[in-house]
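Just model05.csv here, CSV, C-alpha atoms and all ligand atoms:
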```
chain,number,residue,atom,x,y,z
P,1,MET,CA,-0.9,-7.8,-33.8
P,2,GLY,CA,0.3,-11.4,-33.8
P,3,GLU,CA,-1.0,-13.8,-31.2
P,4,ASN,CA,-3.7,-12.7,-28.9
P,5,VAL,CA,-2.6,-11.7,-25.3
P,6,PHE,CA,-5.9,-13.0,-23.9
P,7,GLU,CA,-5.4,-16.5,-25.5
P,8,LYS,CA,-1.8,-16.7,-24.4
P,9,THR,CA,-2.6,-15.7,-20.9
P,10,GLU,CA,-5.4,-18.3,-20.8
P,11,ASN,CA,-3.1,-21.0,-22.2
P,12,PHE,CA,0.2,-20.3,-20.4
P,13,VAL,CA,-0.3,-18.1,-17.3
P,14,MET,CA,-1.3,-19.7,-14.1
P,15,LYS,CA,-4.9,-18.7,-13.4
P,16,THR,CA,-4.4,-17.0,-10.0
P,17,TYR,CA,-6.2,-13.8,-11.1
P,18,ASN,CA,-9.6,-13.0,-12.5
P,19,ARG,CA,-8.6,-10.5,-15.1
P,20,TYR,CA,-10.7,-8.0,-17.1
P,21,PRO,CA,-10.6,-8.5,-20.8
P,22,VAL,CA,-8.4,-5.5,-21.3
P,23,SER,CA,-4.7,-5.1,-22.0
P,24,PHE,CA,-3.0,-1.8,-21.8
P,25,VAL,CA,-0.1,-0.9,-24.1
P,26,LYS,CA,0.8,2.6,-23.0
P,27,GLY,CA,0.5,4.9,-20.0
P,28,GLU,CA,1.1,8.6,-19.4
P,29,GLY,CA,0.2,10.5,-16.2
P,30,CYS,CA,-3.2,9.4,-15.1
P,31,TRP,CA,-4.1,7.8,-18.5
P,32,LEU,CA,-3.8,4.3,-19.8
P,33,TYR,CA,-4.3,3.2,-23.5
P,34,ASP,CA,-5.5,-0.2,-24.5
P,35,SER,CA,-4.6,-2.3,-27.5
P,36,GLU,CA,-7.6,-1.0,-29.4
P,37,GLY,CA,-6.5,2.6,-28.8
P,38,LYS,CA,-9.2,3.4,-26.2
P,39,LYS,CA,-8.1,5.7,-23.4
P,40,TYR,CA,-8.9,5.2,-19.7
P,41,LEU,CA,-8.6,7.5,-16.6
P,42,ASP,CA,-6.7,5.5,-14.1
P,43,MET,CA,-8.0,6.1,-10.5
P,44,LEU,CA,-6.4,3.0,-9.2
P,45,ALA,CA,-2.7,3.6,-10.2
P,46,GLY,CA,-1.9,-0.1,-10.5
P,47,ILE,CA,-3.2,-0.6,-6.9
P,48,ALA,CA,-1.6,2.5,-5.3
P,49,VAL,CA,1.7,1.9,-7.0
P,50,CYS,CA,2.1,4.5,-9.7
P,51,ASN,CA,1.7,7.5,-7.3
P,52,LEU,CA,3.6,9.8,-9.7
P,53,GLY,CA,1.5,8.7,-12.6
P,54,HIS,CA,2.4,6.3,-15.4
P,55,CYS,CA,5.9,6.7,-16.9
P,56,HIS,CA,6.8,9.9,-15.0
P,57,PRO,CA,9.4,11.5,-17.3
P,58,LYS,CA,12.0,11.9,-14.5
P,59,VAL,CA,11.6,8.3,-13.2
P,60,SER,CA,11.6,6.8,-16.7
P,61,GLU,CA,14.6,8.8,-17.7
P,62,ALA,CA,16.5,7.8,-14.5
P,63,ILE,CA,15.8,4.0,-15.0
P,64,CYS,CA,16.6,4.2,-18.7
P,65,GLN,CA,20.0,5.7,-17.8
P,66,GLN,CA,20.6,3.2,-15.0
P,67,ALA,CA,19.6,0.3,-17.2
P,68,LYS,CA,22.2,1.2,-19.7
P,69,THR,CA,24.9,1.7,-17.0
P,70,LEU,CA,24.5,-1.0,-14.3
P,71,ILE,CA,21.5,-3.0,-13.1
P,72,HIS,CA,22.7,-5.5,-10.5
P,73,THR,CA,25.8,-6.5,-8.7
P,74,SER,CA,24.5,-8.1,-5.4
P,75,ASN,CA,24.8,-6.8,-1.9
P,76,LEU,CA,28.3,-8.2,-1.6
P,77,PHE,CA,29.3,-4.7,-2.8
P,78,HIS,CA,28.2,-1.1,-2.2
P,79,ILE,CA,25.4,0.2,-4.3
P,80,GLU,CA,25.3,4.0,-4.7
P,81,PRO,CA,21.6,4.6,-5.3
P,82,GLN,CA,20.7,2.2,-2.5
P,83,ALA,CA,22.7,4.2,0.0
P,84,GLU,CA,21.2,7.4,-1.4
P,85,LEU,CA,17.7,6.1,-1.2
P,86,ALA,CA,18.2,4.9,2.4
P,87,GLU,CA,19.5,8.4,3.3
P,88,LEU,CA,16.5,10.1,1.7
P,89,ILE,CA,14.0,7.8,3.5
P,90,CYS,CA,15.7,8.3,6.9
P,91,LYS,CA,16.0,12.1,6.5
P,92,ASN,CA,12.3,12.3,5.7
P,93,SER,CA,11.0,9.9,8.3
P,94,PHE,CA,11.5,8.6,11.9
P,95,GLY,CA,13.9,6.0,10.6
P,96,ASP,CA,17.6,5.5,11.2
P,97,LYS,CA,18.3,2.6,8.9
P,98,VAL,CA,16.7,0.8,5.9
P,99,PHE,CA,16.8,-2.7,4.6
P,100,PHE,CA,15.7,-3.2,1.0
P,101,CYS,CA,13.8,-6.1,-0.5
P,102,ASN,CA,11.4,-6.5,-3.4
P,103,SER,CA,7.8,-6.5,-2.3
P,104,GLY,CA,5.4,-5.6,0.4
P,105,ALA,CA,5.0,-9.2,1.7
P,106,GLU,CA,8.7,-9.6,1.8
P,107,ALA,CA,9.1,-6.4,3.8
P,108,ASN,CA,6.5,-7.6,6.3
P,109,GLU,CA,8.2,-11.0,6.4
P,110,GLY,CA,11.5,-9.3,7.3
P,111,ALA,CA,9.8,-7.0,9.9
P,112,LEU,CA,8.2,-10.0,11.6
P,113,LYS,CA,11.5,-11.8,11.7
P,114,LEU,CA,13.0,-8.7,13.2
P,115,ALA,CA,10.3,-8.7,15.9
P,116,ARG,CA,10.8,-12.3,16.7
P,117,ARG,CA,14.5,-12.0,16.9
P,118,TYR,CA,14.2,-9.0,19.1
P,119,GLY,CA,11.8,-10.8,21.4
P,120,THR,CA,13.5,-14.2,21.6
P,121,GLU,CA,16.8,-12.7,22.4
P,122,LYS,CA,15.2,-11.5,25.6
P,123,ASN,CA,13.2,-14.6,26.3
P,124,PRO,CA,12.7,-17.7,24.1
P,125,GLU,CA,9.0,-17.5,24.8
P,126,LYS,CA,8.7,-14.0,23.6
P,127,TYR,CA,7.7,-14.7,20.0
P,128,GLU,CA,4.1,-13.8,19.7
P,129,ILE,CA,2.7,-11.3,17.1
P,130,VAL,CA,-0.4,-9.3,17.6
P,131,ALA,CA,-2.2,-8.6,14.3
P,132,PHE,CA,-5.7,-7.3,13.4
P,133,LYS,CA,-8.9,-8.6,11.9
P,134,GLN,CA,-9.6,-7.4,8.3
P,135,SER,CA,-5.9,-6.6,7.9
P,136,PHE,CA,-3.8,-7.4,4.8
P,137,HIS,CA,-0.1,-7.9,4.8
P,138,GLY,CA,0.7,-10.0,1.8
P,139,ARG,CA,0.8,-13.6,0.5
P,140,THR,CA,4.0,-15.2,1.9
P,141,MET,CA,3.6,-17.6,4.8
P,142,ALA,CA,4.2,-15.2,7.7
P,143,ALA,CA,2.5,-12.3,6.0
P,144,VAL,CA,-0.6,-14.3,5.2
P,145,THR,CA,-0.6,-15.7,8.8
P,146,VAL,CA,-0.9,-12.1,10.2
P,147,THR,CA,-3.5,-11.2,7.5
P,148,GLY,CA,-6.8,-11.2,9.4
P,149,GLN,CA,-9.1,-12.3,6.6
P,150,GLY,CA,-9.9,-16.0,6.3
P,151,LYS,CA,-10.1,-16.1,2.5
P,152,TYR,CA,-6.4,-15.5,2.1
P,153,ASN,CA,-5.1,-18.3,4.3
P,154,GLU,CA,-7.8,-21.1,4.1
P,155,GLY,CA,-6.2,-24.3,3.0
P,156,PHE,CA,-2.6,-23.1,3.5
P,157,GLY,CA,-2.3,-24.2,7.1
P,158,PRO,CA,-0.9,-24.8,9.5
P,159,MET,CA,-0.1,-21.1,9.8
P,160,ILE,CA,3.0,-19.9,11.7
P,161,PRO,CA,2.4,-20.3,15.4
P,162,GLY,CA,2.0,-17.5,18.0
P,163,VAL,CA,-0.2,-15.0,16.1
P,164,LYS,CA,-3.1,-13.4,18.0
P,165,PHE,CA,-5.8,-11.3,16.5
P,166,ALA,CA,-7.5,-8.3,17.9
P,167,GLU,CA,-10.1,-5.9,16.5
P,168,PHE,CA,-8.9,-2.9,14.6
P,169,ASN,CA,-9.7,0.4,16.4
P,170,ASN,CA,-10.6,-1.5,19.6
P,171,ILE,CA,-7.8,-1.1,22.1
P,172,ASP,CA,-9.6,-3.3,24.7
P,173,SER,CA,-9.4,-6.2,22.4
P,174,VAL,CA,-5.6,-5.7,22.1
P,175,LYS,CA,-5.3,-5.6,25.9
P,176,GLU,CA,-6.8,-9.1,25.9
P,177,VAL,CA,-4.1,-10.6,23.7
P,178,VAL,CA,-0.9,-8.6,24.4
P,179,SER,CA,1.5,-9.9,27.1
P,180,GLU,CA,5.1,-10.2,28.0
P,181,ARG,CA,5.2,-12.9,25.3
P,182,THR,CA,4.4,-10.4,22.6
P,183,ALA,CA,7.4,-9.7,20.3
P,184,GLY,CA,5.6,-7.4,17.9
P,185,ILE,CA,2.4,-5.7,16.9
P,186,ILE,CA,1.7,-5.2,13.2
P,187,VAL,CA,-0.9,-2.7,12.0
P,188,GLU,CA,-1.8,-0.7,8.9
P,189,PRO,CA,-2.5,3.0,9.8
P,190,VAL,CA,-5.3,2.8,7.2
P,191,GLN,CA,-6.5,-0.7,6.4
P,192,GLY,CA,-6.4,-0.9,2.6
P,193,GLU,CA,-7.7,-4.3,1.4
P,194,GLY,CA,-9.9,-4.4,4.5
P,195,GLY,CA,-12.1,-1.6,3.0
P,196,VAL,CA,-10.1,1.7,3.4
P,197,VAL,CA,-10.5,2.0,7.1
P,198,PRO,CA,-8.4,4.6,8.9
P,199,ALA,CA,-7.1,3.9,12.4
P,200,SER,CA,-8.2,6.4,15.0
P,201,ARG,CA,-5.6,8.7,16.5
P,202,GLU,CA,-6.4,7.4,19.9
P,203,PHE,CA,-6.1,3.7,18.8
P,204,LEU,CA,-2.5,4.2,17.4
P,205,ARG,CA,-1.5,6.2,20.5
P,206,GLU,CA,-2.6,3.5,22.8
P,207,LEU,CA,-1.0,0.8,20.6
P,208,ARG,CA,2.2,2.8,21.0
P,209,GLN,CA,1.8,2.8,24.8
P,210,LEU,CA,1.1,-1.0,24.9
P,211,ALA,CA,4.1,-1.7,22.7
P,212,ASP,CA,6.3,0.3,25.1
P,213,GLU,CA,4.7,-1.3,28.2
P,214,PHE,CA,5.3,-4.9,26.9
P,215,ASP,CA,8.6,-4.2,25.1
P,216,ALA,CA,7.1,-5.3,21.8
P,217,VAL,CA,8.2,-4.0,18.4
P,218,LEU,CA,5.5,-1.7,16.9
P,219,ILE,CA,5.4,-2.3,13.1
P,220,PHE,CA,3.4,0.0,10.8
P,221,ASP,CA,2.7,-1.7,7.5
P,222,GLU,CA,2.8,1.4,5.2
P,223,VAL,CA,3.1,-0.6,2.0
P,224,GLN,CA,-0.1,1.0,0.7
P,225,THR,CA,-0.3,4.1,2.9
P,226,GLY,CA,3.3,5.2,2.4
P,227,MET,CA,4.7,7.5,-0.3
P,228,GLY,CA,2.3,10.4,-0.1
P,229,ARG,CA,-0.8,8.4,-0.4
P,230,THR,CA,-2.5,9.8,2.7
P,231,GLY,CA,-1.5,13.4,2.2
P,232,LYS,CA,1.8,13.0,4.1
P,233,LEU,CA,4.9,11.3,2.9
P,234,PHE,CA,4.1,8.5,5.5
P,235,ALA,CA,0.7,7.9,7.1
P,236,TYR,CA,2.1,7.8,10.7
P,237,GLN,CA,2.9,11.5,10.2
P,238,ASN,CA,-0.9,12.3,10.2
P,239,TYR,CA,-1.2,10.7,13.6
P,240,GLY,CA,1.8,12.0,15.5
P,241,VAL,CA,2.6,8.4,16.5
P,242,GLU,CA,5.9,6.8,15.5
P,243,PRO,CA,6.4,3.1,15.0
P,244,ASP,CA,9.6,1.3,15.7
P,245,VAL,CA,9.6,-0.4,12.3
P,246,MET,CA,7.8,0.6,9.1
P,247,THR,CA,7.4,-1.4,5.9
P,248,LEU,CA,7.2,0.2,2.4
P,249,ALA,CA,6.8,-1.2,-1.1
P,250,LYS,CA,4.0,-0.4,-3.6
P,251,ALA,CA,4.7,3.2,-4.7
P,252,LEU,CA,8.4,3.4,-3.6
P,253,GLY,CA,9.6,2.6,-7.1
P,254,ASN,CA,6.5,4.0,-8.9
P,255,GLY,CA,6.1,0.6,-10.6
P,256,VAL,CA,9.6,-0.9,-10.4
P,257,PRO,CA,9.5,-3.7,-7.8
P,258,ILE,CA,11.0,-2.7,-4.5
P,259,GLY,CA,10.3,-3.1,-0.8
P,260,ALA,CA,11.9,-1.6,2.4
P,261,ILE,CA,12.0,-2.1,6.1
P,262,VAL,CA,12.7,1.2,8.0
P,263,THR,CA,13.9,0.9,11.6
P,264,LYS,CA,14.7,3.2,14.5
P,265,GLY,CA,17.3,3.1,17.2
P,266,LYS,CA,18.0,-0.2,18.8
P,267,PHE,CA,15.6,-1.9,16.3
P,268,SER,CA,18.1,-1.1,13.6
P,269,GLU,CA,20.7,-3.4,15.3
P,270,VAL,CA,18.6,-6.5,15.6
P,271,LEU,CA,19.3,-7.9,12.1
P,272,LYS,CA,23.0,-8.4,12.3
P,273,PRO,CA,25.2,-9.5,9.4
P,274,GLY,CA,24.0,-12.8,8.0
P,275,LEU,CA,20.6,-12.8,9.7
P,276,HIS,CA,18.6,-11.5,6.8
P,277,ALA,CA,19.3,-10.9,3.1
P,278,SER,CA,17.9,-10.6,-0.4
P,279,THR,CA,19.6,-11.2,-3.7
P,280,PHE,CA,17.8,-8.5,-5.6
P,281,GLY,CA,17.0,-6.3,-2.7
P,282,GLY,CA,18.0,-2.7,-3.3
P,283,ASN,CA,19.7,-3.2,-6.6
P,284,PHE,CA,20.7,-0.3,-8.9
P,285,LEU,CA,17.6,-0.3,-11.0
P,286,ALA,CA,15.0,-0.4,-8.3
P,287,THR,CA,16.7,2.0,-5.9
P,288,ARG,CA,17.5,4.5,-8.8
P,289,ALA,CA,13.7,4.6,-9.3
P,290,GLY,CA,13.2,5.1,-5.6
P,291,VAL,CA,15.6,7.9,-5.4
P,292,GLU,CA,13.8,9.8,-8.2
P,293,VAL,CA,10.4,9.1,-6.5
P,294,MET,CA,11.7,10.5,-3.1
P,295,LYS,CA,13.2,13.5,-4.7
P,296,ILE,CA,10.0,14.4,-6.5
P,297,MET,CA,7.8,13.8,-3.4
P,298,THR,CA,10.0,15.9,-1.2
P,299,GLU,CA,9.9,18.9,-3.5
P,300,PRO,CA,8.4,22.0,-1.8
P,301,GLY,CA,4.6,22.1,-2.3
P,302,PHE,CA,4.2,18.5,-3.6
P,303,MET,CA,2.5,17.1,-0.5
P,304,GLU,CA,0.4,20.2,-0.1
P,305,GLY,CA,-1.0,19.6,-3.6
P,306,VAL,CA,-1.8,16.0,-2.7
P,307,LYS,CA,-3.7,17.1,0.4
P,308,ARG,CA,-5.6,19.7,-1.5
P,309,LYS,CA,-6.6,17.3,-4.3
P,310,GLY,CA,-7.4,14.6,-1.8
P,311,GLU,CA,-9.8,16.9,-0.1
P,312,TYR,CA,-11.3,17.8,-3.5
P,313,LEU,CA,-11.8,14.2,-4.4
P,314,LYS,CA,-13.3,13.4,-1.1
P,315,LYS,CA,-15.8,16.3,-1.5
P,316,ARG,CA,-16.8,15.1,-5.0
P,317,LEU,CA,-17.2,11.5,-3.7
P,318,GLU,CA,-19.4,12.8,-0.8
P,319,GLU,CA,-21.6,14.5,-3.4
P,320,VAL,CA,-22.0,11.2,-5.2
P,321,ALA,CA,-22.9,9.5,-1.9
P,322,TYR,CA,-25.4,12.2,-1.2
P,323,GLU,CA,-26.9,12.0,-4.7
P,324,PHE,CA,-27.3,8.2,-4.5
P,325,PRO,CA,-28.2,7.6,-0.8
P,326,GLU,CA,-29.9,4.3,-1.6
P,327,ARG,CA,-26.5,2.9,-2.9
P,328,PHE,CA,-23.9,4.5,-0.7
P,329,GLU,CA,-23.3,4.8,3.1
P,330,GLY,CA,-20.6,7.4,2.7
P,331,VAL,CA,-16.9,8.1,2.1
P,332,ARG,CA,-13.9,7.3,4.3
P,333,GLY,CA,-10.2,7.4,4.1
P,334,LEU,CA,-7.2,9.7,4.4
P,335,GLY,CA,-5.6,12.0,1.7
P,336,MET,CA,-5.8,10.3,-1.6
P,337,MET,CA,-6.7,6.9,-0.3
P,338,LEU,CA,-10.5,7.0,-0.3
P,339,GLY,CA,-13.3,4.5,-0.2
P,340,LEU,CA,-16.9,5.0,-1.3
P,341,VAL,CA,-18.8,2.6,0.9
P,342,CYS,CA,-21.6,0.8,-0.9
P,343,ARG,CA,-24.7,-0.8,0.6
P,344,GLU,CA,-24.2,-3.8,-1.7
P,345,PRO,CA,-21.4,-5.6,-3.5
P,346,CYS,CA,-19.9,-3.2,-6.0
P,347,GLY,CA,-18.1,-5.4,-8.6
P,348,ASP,CA,-20.8,-4.4,-11.2
P,349,ILE,CA,-20.0,-0.7,-10.8
P,350,VAL,CA,-16.3,-1.4,-11.4
P,351,ALA,CA,-17.0,-3.4,-14.5
P,352,SER,CA,-19.3,-0.8,-16.0
P,353,ALA,CA,-16.9,2.1,-15.2
P,354,LEU,CA,-14.1,0.2,-16.9
P,355,LYS,CA,-16.2,-0.1,-20.1
P,356,LYS,CA,-16.7,3.6,-20.0
P,357,GLY,CA,-13.0,4.3,-19.5
P,358,LEU,CA,-12.6,4.7,-15.8
P,359,ILE,CA,-10.4,2.4,-13.7
P,360,ILE,CA,-11.3,1.9,-10.1
P,361,ASN,CA,-11.6,-1.2,-8.0
P,362,CYS,CA,-13.7,-2.8,-5.3
P,363,THR,CA,-12.2,-3.9,-2.0
P,364,ALA,CA,-13.7,-5.8,0.9
P,365,GLY,CA,-16.6,-6.6,-1.4
P,366,ASN,CA,-18.5,-3.4,-1.0
P,367,VAL,CA,-16.1,-0.5,-1.0
P,368,LEU,CA,-15.2,1.4,-4.2
P,369,ARG,CA,-11.5,2.3,-3.8
P,370,PHE,CA,-10.0,5.5,-5.2
P,371,VAL,CA,-6.3,5.6,-5.1
P,372,PRO,CA,-5.4,7.7,-8.2
P,373,PRO,CA,-1.9,8.9,-9.1
P,374,LEU,CA,-1.2,11.7,-6.7
P,375,VAL,CA,-0.5,13.9,-9.7
P,376,ILE,CA,-4.1,13.8,-10.8
P,377,SER,CA,-5.7,17.3,-11.6
P,378,GLU,CA,-9.0,18.6,-10.4
P,379,GLU,CA,-10.2,18.4,-14.1
P,380,GLU,CA,-9.3,14.8,-14.2
P,381,ILE,CA,-11.1,14.1,-10.9
P,382,ASP,CA,-14.2,15.8,-12.4
P,383,TYR,CA,-13.9,13.6,-15.5
P,384,GLY,CA,-13.8,10.5,-13.4
P,385,ILE,CA,-16.7,11.5,-11.2
P,386,GLY,CA,-18.7,12.3,-14.4
P,387,ILE,CA,-18.2,8.7,-15.6
P,388,LEU,CA,-19.0,7.3,-12.2
P,389,LYS,CA,-22.3,9.2,-12.1
P,390,GLU,CA,-23.2,8.0,-15.6
P,391,VAL,CA,-22.6,4.4,-14.5
P,392,LEU,CA,-24.8,4.9,-11.4
P,393,LYS,CA,-27.6,6.4,-13.4
P,394,GLU,CA,-27.6,3.7,-16.0
P,395,ASN,CA,-27.3,0.9,-13.5
P,396,GLY,CA,-30.7,2.0,-12.2
P,397,ALA,CA,-31.8,1.8,-8.6
P,398,LYS,CA,-29.9,-1.4,-7.9
P,399,GLY,CA,-27.7,-3.0,-10.6
U,401,LIG,C1,-0.2,-4.6,-1.2
U,401,LIG,C2,0.0,-4.8,0.3
U,401,LIG,C3,0.9,-5.7,0.8
U,401,LIG,C4,1.6,-6.8,-0.1
U,401,LIG,O1,2.4,-6.2,-1.0
U,401,LIG,P1,3.0,-7.2,-2.2
U,401,LIG,O2,4.0,-6.3,-2.9
U,401,LIG,O3,1.9,-7.6,-3.0
U,401,LIG,O4,3.6,-8.4,-1.5
U,401,LIG,C5,1.2,-5.7,2.1
U,401,LIG,N1,0.6,-4.9,3.0
U,401,LIG,C6,-0.3,-3.9,2.5
U,401,LIG,C7,-0.9,-3.0,3.5
U,401,LIG,C8,-0.6,-3.9,1.2
U,401,LIG,O5,-1.5,-3.0,0.7
```

Take the structure in the file and give it back as structure tokens.
Ligand SMILES: *Cc1c(COP(=O)(O)O)cnc(C)c1O
Amino acid sequence: MGENVFEKTENFVMKTYNRYPVSFVKGEGCWLYDSEGKKYLDMLAGIAVCNLGHCHPKVSEAICQQAKTLIHTSNLFHIEPQAELAELICKNSFGDKVFFCNSGAEANEGALKLARRYGTEKNPEKYEIVAFKQSFHGRTMAAVTVTGQGKYNEGFGPMIPGVKFAEFNNIDSVKEVVSERTAGIIVEPVQGEGGVVPASREFLRELRQLADEFDAVLIFDEVQTGMGRTGKLFAYQNYGVEPDVMTLAKALGNGVPIGAIVTKGKFSEVLKPGLHASTFGGNFLATRAGVEVMKIMTEPGFMEGVKRKGEYLKKRLEEVAYEFPERFEGVRGLGMMLGLVCREPCGDIVASALKKGLIINCTAGNVLRFVPPLVISEEEIDYGIGILKEVLKENGAKG
């Protein structure tokens, strides 16, 4: 096999990740295969990215064709699949217009710029952003500033000024920080990295009201919750609360890097020509993948299937929590974005499951996160739950 990937990574790749000693060489549907030929059930989907499973035939075919035809021309020219993807997103959401970029952080960065521009055009002092504790919005400077978890921004200060934090699902704490100086409010409908915590319907409704009252841009970060993850195409559709701006990334290209900012009405007019841009954003390859993803997810019956299987997975996880009450507090989440809440840190469970061929991960220290490809079958869910139970039995009372 030539030189070892582990050694090369150690020698030449900047050590910003703690990687497992596993390297996958092939993927199909919910399954990954490592360099030794061992197969794994993937209930993480590349962190909520491969929502249609690995190498979905239609997506792979589309990007192969596109790669042979035209990959990139820049946004100085019109790009057919970009226009088509924008139309598909708008016709299936609250949105009127879309801006394309390349990642979640970049989408949030753009959305925050939009909010500040909107605010400061009314009043130079109207630049504040309200964000939430335990949130996660990405690693660029503005995104990491609005991320309400110290470990992500310690030592990178000073952060951008004007960001105020409130408690998630606590509207009174928002009322304490929101004012005429608030340009935008950024929130995840379900906090992902914060431990798979859904917002309450009441909370999002009241945020909507506060945003209207103070003329602030309401931004939903749907980078993780978007693209069918929560049992609807977009999570806000579960709540009956529309944002002014929504950011997308992760699963929009099923693995091809792409991000998007979706806007409504007057908020679509804030970023005028020259005010924001991206070299790669919305190029042929990425948007061709996105078009295919959108077409598949909007086929009749697709989302119903996700909802049904999400409920099934939740039920199976609740059984696990019930069977091991000394280890688990319970299950929370929405659709196929579920967290099994542990009473203790759960990194050991993740590592043991991986050895047995099940891929899951641990978020917020003590929450086992299940974000499998949405195309997972009930049989595959059963298989995964089987491995999880084996691990829990072998790990004994504690672990
Ligand atoms: C993953 C994630 C991001 C960051 O996306 P990147 O593509 O890694 O920059 C932002 N917001 C949420 C909610 C995420 O889950």

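The contact shell of ligand LIG 401 (chain U), defined as all polymer residues within 7 Å when all atoms listed in the file are used, comprises Ser103, Gly104, Ala105, Glu106, Phe136, His137, Gly138, Arg139, Glu188, Gln191, Gly192, Glu193, Asp221, Glu222, Val223, Gln224, Ala249 and Lys250 of chain P.
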
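Computed from the coordinates, the atom CA of P:Lys355 to atom CA of P:Gly253 distance equals 29.0 Å.
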
Name the residues within 10 Å of (19.7, 10.0, -1.6), counting all atoms listed in the file in the file's coordinates, and put them as a compact mmCIF listing (two decimals) with C-alpha atoms, in the frame of the given file.
```
# COMPACT_ATOMS: atom_id res chain seq x y z
CA GLU P 80 25.30 4.00 -4.70
CA PRO P 81 21.60 4.60 -5.30
CA GLN P 82 20.70 2.20 -2.50
CA ALA P 83 22.70 4.20 0.00
CA GLU P 84 21.20 7.40 -1.40
CA LEU P 85 17.70 6.10 -1.20
CA ALA P 86 18.20 4.90 2.40
CA GLU P 87 19.50 8.40 3.30
CA LEU P 88 16.50 10.10 1.70
CA ILE P 89 14.00 7.80 3.50
CA CYS P 90 15.70 8.30 6.90
CA LYS P 91 16.00 12.10 6.50
CA THR P 287 16.70 2.00 -5.90
CA ARG P 288 17.50 4.50 -8.80
CA GLY P 290 13.20 5.10 -5.60
CA VAL P 291 15.60 7.90 -5.40
CA GLU P 292 13.80 9.80 -8.20
CA MET P 294 11.70 10.50 -3.10
CA LYS P 295 13.20 13.50 -4.70
```

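Neighbours of P:Asp34 closer than or equal to 6 Å, with all atoms listed in the file counted and sequence neighbours fewer than 5 positions away skipped, come out as Ser23, Phe24 and Val25 of chain P.
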
- Quick one: pull the distance between atom CA of P:Leu338 and atom CA of P:Val262, Å, one decimal.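 Result for atom CA of P:Leu338 versus atom CA of P:Val262: 25.3 Å, one decimal.
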
- Query: Skipping near chain neighbours, those fewer than 2 positions away, what residues fall within 12 Å of P:Phe302 using all atoms listed in the file, listed as a list in words?
  - Reply: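 These residues fall inside the cut-off: Asn51, Leu52, Met227, Gly228, Arg229, Gly231, Lys232, Leu233, Val293, Met294, Lys295, Ile296, Met297, Thr298, Glu299, Pro300, Glu304, Gly305, Val306, Lys307, Arg308, Lys309, Leu374, Val375 and Ile376 of chain P.
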
Next, write the just-selected residues to a file, as a compact mmCIF listing (two decimals), keeping the file's coordinate frame, keeping C-alpha atoms as the atom set.
```txt
# COMPACT_ATOMS: atom_id res chain seq x y z
CA ASN P 51 1.70 7.50 -7.30
CA LEU P 52 3.60 9.80 -9.70
CA MET P 227 4.70 7.50 -0.30
CA GLY P 228 2.30 10.40 -0.10
CA ARG P 229 -0.80 8.40 -0.40
CA GLY P 231 -1.50 13.40 2.20
CA LYS P 232 1.80 13.00 4.10
CA LEU P 233 4.90 11.30 2.90
CA VAL P 293 10.40 9.10 -6.50
CA MET P 294 11.70 10.50 -3.10
CA LYS P 295 13.20 13.50 -4.70
CA ILE P 296 10.00 14.40 -6.50
CA MET P 297 7.80 13.80 -3.40
CA THR P 298 10.00 15.90 -1.20
CA GLU P 299 9.90 18.90 -3.50
CA PRO P 300 8.40 22.00 -1.80
CA GLU P 304 0.40 20.20 -0.10
CA GLY P 305 -1.00 19.60 -3.60
CA VAL P 306 -1.80 16.00 -2.70
CA LYS P 307 -3.70 17.10 0.40
CA ARG P 308 -5.60 19.70 -1.50
CA LYS P 309 -6.60 17.30 -4.30
CA LEU P 374 -1.20 11.70 -6.70
CA VAL P 375 -0.50 13.90 -9.70
CA ILE P 376 -4.10 13.80 -10.80
```

- Exercise: P:Ala260 partners within 8 Å, only C-alpha atoms, chain neighbours under 4 positions left out, as an MDAnalysis selection string: chainID P and resid 98:104 107 247:249

Include C-alpha atoms and write out the residues we just selected as a PDB file, in the coordinates of the input.
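Writing the result to part-v5.pdb gives the following:
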```
ATOM      1  CA  VAL P  98      16.700   0.800   5.900  1.00  0.00           C
ATOM      2  CA  PHE P  99      16.800  -2.700   4.600  1.00  0.00           C
ATOM      3  CA  PHE P 100      15.700  -3.200   1.000  1.00  0.00           C
ATOM      4  CA  CYS P 101      13.800  -6.100  -0.500  1.00  0.00           C
ATOM      5  CA  ASN P 102      11.400  -6.500  -3.400  1.00  0.00           C
ATOM      6  CA  SER P 103       7.800  -6.500  -2.300  1.00  0.00           C
ATOM      7  CA  GLY P 104       5.400  -5.600   0.400  1.00  0.00           C
ATOM      8  CA  ALA P 107       9.100  -6.400   3.800  1.00  0.00           C
ATOM      9  CA  THR P 247       7.400  -1.400   5.900  1.00  0.00           C
ATOM     10  CA  LEU P 248       7.200   0.200   2.400  1.00  0.00           C
ATOM     11  CA  ALA P 249       6.800  -1.200  -1.100  1.00  0.00           C
TER      12      ALA P 249
END
```

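You can rank P:Lys175, P:Lys68, P:Lys389, P:Lys356 by their closest distance to P:Val130 using all atoms listed in the file, and at the top of that list sits P:Lys175.
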
- Task: For a cut-off of 8 Å around (-24.1, 8.4, -9.6), file coordinates, pick out all residues using all atoms listed in the file and list them as a ChimeraX atom specification.
- Result: /P:320-321,323-324,388-393

- So, counting only C-alpha atoms, which residue among P:Val217, P:Leu271, P:Ile261, P:Ala289 is closest to P:Gly119?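 Distance minimum relative to P:Gly119 lands on P:Val217.
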
- P:Asn254, P:Ser352, P:Thr363, P:Thr16: which is nearest P:Cys50, counting all atoms listed in the file? P:Asn254

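Shortest separation to P:Leu334 among P:Leu275, P:Ile258, P:Ala364, P:Ala235 occurs at residue P:Ala235, atoms counted being all atoms listed in the file.
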